[in-house]
>>> print(open('query.cif').read())   # mmCIF, C-alpha atoms
data_query
loop_
_atom_site.label_atom_id
_atom_site.label_comp_id
_atom_site.auth_asym_id
_atom_site.auth_seq_id
_atom_site.Cartn_x
_atom_site.Cartn_y
_atom_site.Cartn_z
CA SER S 1 0.00 0.00 0.00
CA TYR S 2 1.01 3.64 -0.28
CA ARG S 3 1.30 3.83 3.50
CA SER S 4 3.72 0.92 3.62
CA HIS S 5 5.78 2.48 0.83
CA LEU S 6 5.90 5.77 2.75
CA TRP S 7 6.97 3.97 5.92
CA TYR S 8 9.67 2.19 3.94
CA SER S 9 10.92 5.54 2.62
CA LEU S 10 11.07 7.04 6.09
CA SER S 11 12.89 4.01 7.44
CA GLN S 12 15.38 4.22 4.58
CA TYR S 13 15.93 7.88 5.36
CA ALA S 14 16.62 7.08 9.01
CA ALA S 15 19.03 4.30 8.06
CA ARG S 16 20.91 6.52 5.66
CA GLN S 17 21.65 9.11 8.34
CA VAL S 18 24.74 7.06 9.16
CA GLY S 19 25.75 7.11 5.51
CA PRO S 20 28.80 9.12 4.46
CA SER S 21 27.21 11.76 2.26
CA TYR S 22 24.48 12.83 -0.12
CA PRO S 23 23.41 11.74 -2.74
CA VAL S 24 22.21 8.28 -1.78
CA ASN S 25 22.66 5.37 -4.17
CA SER S 26 19.56 5.38 -6.35
CA GLU S 27 19.55 1.55 -6.47
CA ALA S 28 18.33 1.54 -2.86
CA SER S 29 15.29 3.63 -3.77
CA ARG S 30 11.90 1.92 -3.73
CA TRP S 31 10.38 4.27 -6.33
CA ASP S 32 11.19 5.76 -9.70
CA SER S 33 12.70 9.19 -9.04
CA SER S 34 10.40 10.72 -11.70
CA THR S 35 7.25 9.82 -9.75
CA ILE S 36 5.73 11.88 -6.95
CA PRO S 37 6.61 9.28 -4.25
CA GLY S 38 10.15 9.10 -5.65
CA ILE S 39 10.53 12.89 -5.60
CA PHE S 40 9.17 12.96 -2.05
CA GLU S 41 11.67 10.29 -1.01
CA LYS S 42 14.58 12.22 -2.53
CA TRP S 43 13.39 15.41 -0.83
CA ILE S 44 13.32 13.73 2.59
CA ILE S 45 16.81 12.33 2.07
CA ARG S 46 18.13 15.67 0.80
CA LEU S 47 16.66 17.50 3.79
CA GLY S 48 18.27 15.04 6.17
CA TRP S 49 21.62 15.43 4.43
CA GLU S 50 21.45 19.23 4.62
CA CYS S 51 20.55 19.10 8.32
CA ARG S 52 23.64 16.98 8.97
CA GLN S 53 25.79 19.56 7.18
CA LEU S 54 24.54 22.55 9.18
CA ASP S 55 27.14 24.64 10.93
CA ASN S 56 25.58 24.66 14.39
CA MET S 57 27.99 27.25 15.72
CA LEU S 58 27.18 29.67 12.89
CA ILE S 59 23.47 29.15 13.52
CA LEU S 60 23.96 29.91 17.22
CA LYS S 61 25.96 33.06 16.43
CA LEU S 62 23.28 34.31 14.03
CA VAL S 63 20.52 33.71 16.57
CA ILE S 64 22.53 35.61 19.20
CA LEU S 65 23.11 38.51 16.79
CA LEU S 66 19.39 38.71 15.99
CA ILE S 67 18.54 38.73 19.68
CA VAL S 68 21.16 41.41 20.34
CA ALA S 69 19.90 43.57 17.46
CA ASN S 70 16.30 43.42 18.63
CA ALA S 71 16.91 43.57 22.38
CA THR S 72 19.28 46.56 22.31
CA PRO S 73 16.56 49.23 21.76
CA VAL S 74 14.52 47.73 24.61
CA VAL S 75 17.49 47.69 27.00
CA ALA S 76 18.49 51.21 25.93
CA ARG S 77 15.02 52.49 26.74
CA GLU S 78 15.23 51.07 30.26
CA ILE S 79 18.70 52.53 30.85
CA LEU S 80 18.38 55.91 29.14
CA GLY S 81 14.68 56.57 29.55
CA LYS S 82 13.59 59.32 27.17
CA ARG S 83 17.06 60.71 26.58
CA PHE S 84 17.90 60.84 22.84
CA ALA S 85 14.62 59.01 22.14
CA TRP S 86 13.75 61.02 19.06
CA PRO S 87 10.95 59.38 17.05
CA LEU S 88 12.35 58.01 13.82
CA ASP S 89 9.29 59.18 11.87
CA GLY S 90 9.37 62.65 13.42
CA GLY S 91 5.86 62.10 14.77
CA ILE S 92 4.25 62.49 11.35
CA GLU S 93 0.94 60.90 10.42
CA ILE S 94 0.18 59.73 6.90
CA PHE S 95 -2.95 59.23 4.78
CA ASP S 96 -4.78 56.97 7.25
CA GLY S 97 -4.30 59.33 10.18
CA GLN S 98 -1.89 56.91 11.88
CA PRO S 99 1.82 57.44 12.62
CA LEU S 100 4.30 56.18 10.06
CA PHE S 101 6.03 53.92 12.62
CA GLY S 102 5.01 55.15 16.06
CA ALA S 103 6.79 56.81 18.96
CA SER S 104 8.39 53.55 20.12
CA LYS S 105 10.69 53.50 17.08
CA THR S 106 13.51 55.93 17.78
CA VAL S 107 16.74 57.10 16.20
CA ARG S 108 18.53 56.04 19.37
CA GLY S 109 17.18 52.51 19.16
CA VAL S 110 18.20 51.99 15.53
CA VAL S 111 21.68 53.50 15.91
CA LEU S 112 22.50 51.60 19.10
CA SER S 113 21.13 48.36 17.67
CA VAL S 114 23.45 48.53 14.68
CA LEU S 115 26.49 49.57 16.74
CA VAL S 116 26.02 46.92 19.44
CA THR S 117 25.39 44.21 16.83
CA VAL S 118 28.61 45.17 15.03
CA VAL S 119 30.56 44.84 18.30
CA ALA S 120 28.85 41.53 19.12
CA SER S 121 29.61 40.16 15.67
CA ALA S 122 33.30 41.02 15.90
CA SER S 123 33.52 39.56 19.42
CA MET S 124 32.17 36.23 18.14
CA GLY S 125 34.69 35.96 15.32
CA LEU S 126 32.43 37.22 12.54
CA SER S 127 33.20 40.30 10.48
CA TRP S 128 31.95 43.74 11.46
CA GLU S 129 30.28 43.87 8.05
CA THR S 130 28.16 40.88 9.06
CA GLY S 131 27.12 42.66 12.24
CA PHE S 132 26.30 45.80 10.29
CA VAL S 133 24.11 43.92 7.82
CA ILE S 134 22.36 41.92 10.55
CA GLY S 135 21.73 45.00 12.70
CA THR S 136 20.62 47.26 9.85
CA LEU S 137 18.32 44.77 8.14
CA SER S 138 16.89 43.56 11.43
CA MET S 139 15.87 47.12 12.22
CA ALA S 140 14.49 47.48 8.69
CA GLY S 141 12.34 44.39 9.25
CA ASP S 142 11.23 45.74 12.62
CA LEU S 143 10.26 49.05 11.02
CA LEU S 144 8.29 47.24 8.32
CA SER S 145 6.41 45.34 11.03
CA SER S 146 5.63 48.61 12.83
CA PHE S 147 4.53 50.25 9.58
CA LEU S 148 2.14 47.38 8.81
CA LYS S 149 0.78 47.32 12.38
CA ARG S 150 0.05 51.05 12.23
CA ARG S 151 -1.85 50.48 8.98
CA MET S 152 -3.88 47.82 10.82
CA LYS S 153 -4.49 50.45 13.53
CA LEU S 154 -2.65 48.42 16.16
CA PRO S 155 -1.07 50.60 18.88
CA PRO S 156 2.72 50.83 19.31
CA SER S 157 4.29 47.80 21.06
CA SER S 158 1.14 45.76 20.41
CA ARG S 159 1.41 42.04 19.80
CA ALA S 160 1.33 40.58 16.28
CA PRO S 161 2.73 37.02 16.24
CA VAL S 162 4.81 36.12 13.15
CA LEU S 163 4.78 39.75 11.99
CA ASP S 164 6.78 40.64 15.09
CA GLN S 165 9.43 37.96 14.48
CA VAL S 166 9.75 36.99 10.82
CA PRO S 167 10.70 40.24 9.00
CA GLU S 168 13.33 41.23 11.58
CA SER S 169 14.97 37.81 11.35
CA LEU S 170 14.39 36.89 7.70
CA PHE S 171 15.53 40.17 6.11
CA PRO S 172 19.05 40.17 7.64
CA LEU S 173 19.56 36.50 6.85
CA LEU S 174 18.57 36.96 3.21
CA ALA S 175 20.84 40.02 2.97
CA SER S 176 23.81 38.11 4.40
CA GLN S 177 23.11 34.85 2.54
CA ALA S 178 25.88 35.32 -0.02
CA MET S 179 28.31 36.79 2.52
CA LEU S 180 27.96 33.80 4.87
CA ASN S 181 27.13 31.19 2.22
CA LEU S 182 23.87 30.35 3.99
CA SER S 183 21.61 27.60 2.70
CA VAL S 184 17.82 27.81 2.69
CA THR S 185 17.78 25.20 5.45
CA GLN S 186 20.06 27.32 7.62
CA ILE S 187 17.93 30.42 7.07
CA VAL S 188 14.72 28.60 7.94
CA THR S 189 16.38 27.05 11.00
CA VAL S 190 17.62 30.40 12.35
CA VAL S 191 14.24 32.09 11.77
CA ALA S 192 12.45 29.24 13.55
CA ILE S 193 14.84 29.33 16.53
CA PHE S 194 14.57 33.12 16.76
CA PHE S 195 10.78 32.89 16.70
CA VAL S 196 10.76 30.41 19.58
CA ALA S 197 13.40 32.40 21.49
CA ASP S 198 11.37 35.60 21.16
CA VAL S 199 8.23 33.91 22.43
CA VAL S 200 10.10 32.36 25.36
CA LEU S 201 12.35 35.29 26.32
CA SER S 202 9.79 38.09 26.12
CA PRO S 203 7.88 36.97 29.26
CA LEU S 204 11.23 36.58 31.03
CA PHE S 205 12.28 40.11 30.12
CA PHE S 206 8.90 41.30 31.37
CA LYS S 207 9.47 39.63 34.76
CA LEU S 208 12.91 41.22 34.91
CA LYS S 209 11.23 44.56 34.16
CA ILE S 210 13.23 45.00 30.97
CA ARG S 211 10.10 44.93 28.82
CA LYS S 212 6.90 46.77 29.60
CA ARG S 213 4.78 43.93 28.23
CA PRO S 214 5.18 40.12 28.34
CA TYR S 215 5.47 39.95 24.53
#
>>> encode(input="query.cif", output="structure tokens")
Amino acid sequence: SYRSHLWYSLSQYAARQVGPSYPVNSEASRWDSSTIPGIFEKWIIRLGWECRQLDNMLILKLVILLIVANATPVVAREILGKRFAWPLDGGIEIFDGQPLFGASKTVRGVVLSVLVTVVASASMGLSWETGFVIGTLSMAGDLLSSFLKRRMKLPPSSRAPVLDQVPESLFPLLASQAMLNLSVTQIVTVVAIFFVADVVLSPLFFKLKIRKRPY
């Protein structure tokens, strides 16, 4: 049956994890590679091979840089209060009567985020250019999220799952893909880890009184 064939494919995938490398010998395949089940089998095996090749240390460093880039404005607000907290949009309102970004997005937050991320990148053995790209594009993704939330008439610092995490993690990874030779699997992995980390750490930061809200 199709179910038994699928189970066979999954078992073959598991067995081949101890194999030396991708690609797997096609003679061991149960299906013709031109059929849908055959393509599915090859995809599973390819995904497993890519996961085995991931540079776990690079993934960890990228997650840390994303957290640093996005946490720096929050920490700066708690330390500096309203000092140098000039609204990035100048307080203007556009066609829908809503702010462009909102008062929570400041020049101070963006500048410090980029600078701290550059320092963090260099301290972890990555180039300062990598830190600059990660910090800048992370802030660009954060600003896009704020822009879209204002268009949806959501107040500043309001919660919008996925929209709050994906742009600020995906944009910098796509921008640094060629620089760091990142694979699609690595990008998806880092975005997923950052998403989970943001969901888990935000309540913690709230309890530590670093964030004003538990999200």
>>> resolve_selection(input="query.cif", expression="the PyMOL selection byres ((chain S and resi 135) around 7)", output="VMD selection string")
chain S and resid 69 113 to 114 117 131 to 134 136 to 139
>>> closest_residue(input="query.cif", among="S:Val199, S:Ala122, S:Phe95, S:Leu143", to="S:Arg159", atoms="all atoms listed in the file")
S:Val199
>>> residues_around(input="query.cif", residues="S:Phe171", least_positions_apart="3", cutoff="7 Å", atoms="only C-alpha atoms", output="list in words")
Leu137, Ser138, Gly141, Pro167, Glu168, Leu174 and Ala175 of chain S
>>> atom_distance(input="query.cif", atom1="atom CA of S:Leu88", atom2="atom CA of S:Ala120")
23.9 Å
>>> atom_distance(input="query.cif", atom1="atom CA of S:Leu148", atom2="atom CA of S:Leu100")
9.1 Å
>>> residues_around(input="query.cif", residues="S:Ala85", least_positions_apart="6", cutoff="10 Å", atoms="only C-alpha atoms", output="list in words")
Pro73, Ala76, Arg77, Ala103, Ser104, Lys105, Thr106, Val107, Arg108 and Gly109 of chain S
>>> resolve_selection(input="query.cif", expression="the PyMOL selection byres ((chain S and resi 62) around 12)", output="PyMOL selection string")
chain S and resi 55-61+63-69+117+120-121+124-126+130-131+133-135+138+169-170+172-173+176-177+180+182+186-194
>>> closest_residue(input="query.cif", among="S:Ser158, S:Gln165, S:Ser146, S:Asn181", to="S:Gly102", atoms="all atoms listed in the file")
S:Ser146
>>> atom_distance(input="query.cif", atom1="atom CA of S:Val111", atom2="atom CA of S:Ile79")
15.3 Å
>>> resolve_selection(input="query.cif", expression="the PyMOL selection byres ((chain S and resi 149) around 12)", output="list in words")
Gln98, Pro99, Leu100, Phe101, Gly102, Asp142, Leu143, Leu144, Ser145, Ser146, Phe147, Leu148, Arg150, Arg151, Met152, Lys153, Leu154, Pro155, Pro156, Ser157, Ser158, Arg159, Ala160, Pro161, Val162, Leu163 and Asp164 of chain S
>>> axis_aligned_box(input="query.cif", around="stretch 134-137 of chain S", padding_each_side="4 Å", output="AutoDock Vina command-line options")
--center_x 20.3 --center_y 44.6 --center_z 10.4 --size_x 12.0 --size_y 13.3 --size_z 12.6
>>> decode(input="query.cif", residues="stretch 191-203 of chain S", atoms="all heavy atoms", output="JSON list (two decimals), in the first residue's frame")
[["chain", "number", "residue", "atom", "x", "y", "z"],
["S", 191, "VAL", "N", 15.51, 31.37, 11.58],
["S", 191, "VAL", "CA", 14.24, 32.09, 11.77],
["S", 191, "VAL", "C", 13.35, 31.36, 12.76],
["S", 191, "VAL", "O", 12.74, 31.98, 13.64],
["S", 191, "VAL", "CB", 13.51, 32.26, 10.41],
["S", 191, "VAL", "CG1", 12.10, 32.80, 10.63],
["S", 191, "VAL", "CG2", 14.29, 33.20, 9.50],
["S", 192, "ALA", "N", 13.29, 30.03, 12.65],
["S", 192, "ALA", "CA", 12.45, 29.24, 13.55],
["S", 192, "ALA", "C", 12.95, 29.34, 14.99],
["S", 192, "ALA", "O", 12.16, 29.51, 15.93],
["S", 192, "ALA", "CB", 12.43, 27.78, 13.09],
["S", 193, "ILE", "N", 14.28, 29.25, 15.18],
["S", 193, "ILE", "CA", 14.84, 29.33, 16.53],
["S", 193, "ILE", "C", 14.61, 30.73, 17.11],
["S", 193, "ILE", "O", 14.26, 30.88, 18.29],
["S", 193, "ILE", "CB", 16.34, 29.00, 16.51],
["S", 193, "ILE", "CG1", 16.56, 27.53, 16.13],
["S", 193, "ILE", "CG2", 16.97, 29.28, 17.88],
["S", 193, "ILE", "CD1", 18.01, 27.15, 15.97],
["S", 194, "PHE", "N", 14.78, 31.75, 16.28],
["S", 194, "PHE", "CA", 14.57, 33.12, 16.76],
["S", 194, "PHE", "C", 13.11, 33.32, 17.16],
["S", 194, "PHE", "O", 12.82, 33.98, 18.17],
["S", 194, "PHE", "CB", 14.95, 34.13, 15.68],
["S", 194, "PHE", "CG", 14.67, 35.55, 16.06],
["S", 194, "PHE", "CD1", 15.52, 36.23, 16.92],
["S", 194, "PHE", "CD2", 13.55, 36.20, 15.58],
["S", 194, "PHE", "CE1", 15.26, 37.55, 17.28],
["S", 194, "PHE", "CE2", 13.26, 37.51, 15.95],
["S", 194, "PHE", "CZ", 14.12, 38.18, 16.80],
["S", 195, "PHE", "N", 12.22, 32.77, 16.39],
["S", 195, "PHE", "CA", 10.78, 32.89, 16.70],
["S", 195, "PHE", "C", 10.49, 32.30, 18.07],
["S", 195, "PHE", "O", 9.84, 32.92, 18.92],
["S", 195, "PHE", "CB", 9.96, 32.17, 15.62],
["S", 195, "PHE", "CG", 8.47, 32.22, 15.86],
["S", 195, "PHE", "CD1", 7.72, 33.27, 15.35],
["S", 195, "PHE", "CD2", 7.83, 31.24, 16.59],
["S", 195, "PHE", "CE1", 6.35, 33.33, 15.57],
["S", 195, "PHE", "CE2", 6.46, 31.29, 16.82],
["S", 195, "PHE", "CZ", 5.73, 32.33, 16.30],
["S", 196, "VAL", "N", 10.99, 31.08, 18.30],
["S", 196, "VAL", "CA", 10.76, 30.41, 19.58],
["S", 196, "VAL", "C", 11.43, 31.19, 20.71],
["S", 196, "VAL", "O", 10.85, 31.38, 21.79],
["S", 196, "VAL", "CB", 11.28, 28.96, 19.54],
["S", 196, "VAL", "CG1", 11.19, 28.32, 20.92],
["S", 196, "VAL", "CG2", 10.49, 28.14, 18.52],
["S", 197, "ALA", "N", 12.66, 31.66, 20.46],
["S", 197, "ALA", "CA", 13.40, 32.40, 21.49],
["S", 197, "ALA", "C", 12.66, 33.68, 21.87],
["S", 197, "ALA", "O", 12.59, 34.04, 23.06],
["S", 197, "ALA", "CB", 14.81, 32.73, 20.99],
["S", 198, "ASP", "N", 12.10, 34.37, 20.88],
["S", 198, "ASP", "CA", 11.37, 35.60, 21.16],
["S", 198, "ASP", "C", 10.14, 35.33, 22.00],
["S", 198, "ASP", "O", 9.85, 36.06, 22.95],
["S", 198, "ASP", "CB", 10.97, 36.27, 19.84],
["S", 198, "ASP", "CG", 10.26, 37.59, 20.06],
["S", 198, "ASP", "OD1", 10.95, 38.57, 20.41],
["S", 198, "ASP", "OD2", 9.03, 37.65, 19.89],
["S", 199, "VAL", "N", 9.43, 34.26, 21.68],
["S", 199, "VAL", "CA", 8.23, 33.91, 22.43],
["S", 199, "VAL", "C", 8.57, 33.52, 23.86],
["S", 199, "VAL", "O", 7.85, 33.86, 24.81],
["S", 199, "VAL", "CB", 7.48, 32.75, 21.73],
["S", 199, "VAL", "CG1", 6.34, 32.23, 22.59],
["S", 199, "VAL", "CG2", 6.94, 33.21, 20.36],
["S", 200, "VAL", "N", 9.70, 32.84, 24.04],
["S", 200, "VAL", "CA", 10.10, 32.36, 25.36],
["S", 200, "VAL", "C", 10.74, 33.48, 26.20],
["S", 200, "VAL", "O", 10.46, 33.61, 27.40],
["S", 200, "VAL", "CB", 11.09, 31.18, 25.23],
["S", 200, "VAL", "CG1", 11.67, 30.81, 26.60],
["S", 200, "VAL", "CG2", 10.39, 29.98, 24.61],
["S", 201, "LEU", "N", 11.59, 34.29, 25.57],
["S", 201, "LEU", "CA", 12.35, 35.29, 26.32],
["S", 201, "LEU", "C", 11.54, 36.54, 26.67],
["S", 201, "LEU", "O", 11.82, 37.19, 27.69],
["S", 201, "LEU", "CB", 13.59, 35.71, 25.54],
["S", 201, "LEU", "CG", 14.67, 34.64, 25.36],
["S", 201, "LEU", "CD1", 15.82, 35.17, 24.51],
["S", 201, "LEU", "CD2", 15.20, 34.17, 26.71],
["S", 202, "SER", "N", 10.56, 36.88, 25.86],
["S", 202, "SER", "CA", 9.79, 38.09, 26.12],
["S", 202, "SER", "C", 9.11, 38.09, 27.50],
["S", 202, "SER", "O", 9.21, 39.08, 28.24],
["S", 202, "SER", "CB", 8.74, 38.31, 25.01],
["S", 202, "SER", "OG", 9.38, 38.63, 23.80],
["S", 203, "PRO", "N", 8.44, 37.00, 27.90],
["S", 203, "PRO", "CA", 7.88, 36.97, 29.26],
["S", 203, "PRO", "C", 8.96, 37.08, 30.34],
["S", 203, "PRO", "O", 8.73, 37.68, 31.40],
["S", 203, "PRO", "CB", 7.16, 35.62, 29.31],
["S", 203, "PRO", "CG", 6.87, 35.28, 27.90],
["S", 203, "PRO", "CD", 8.04, 35.81, 27.13]]
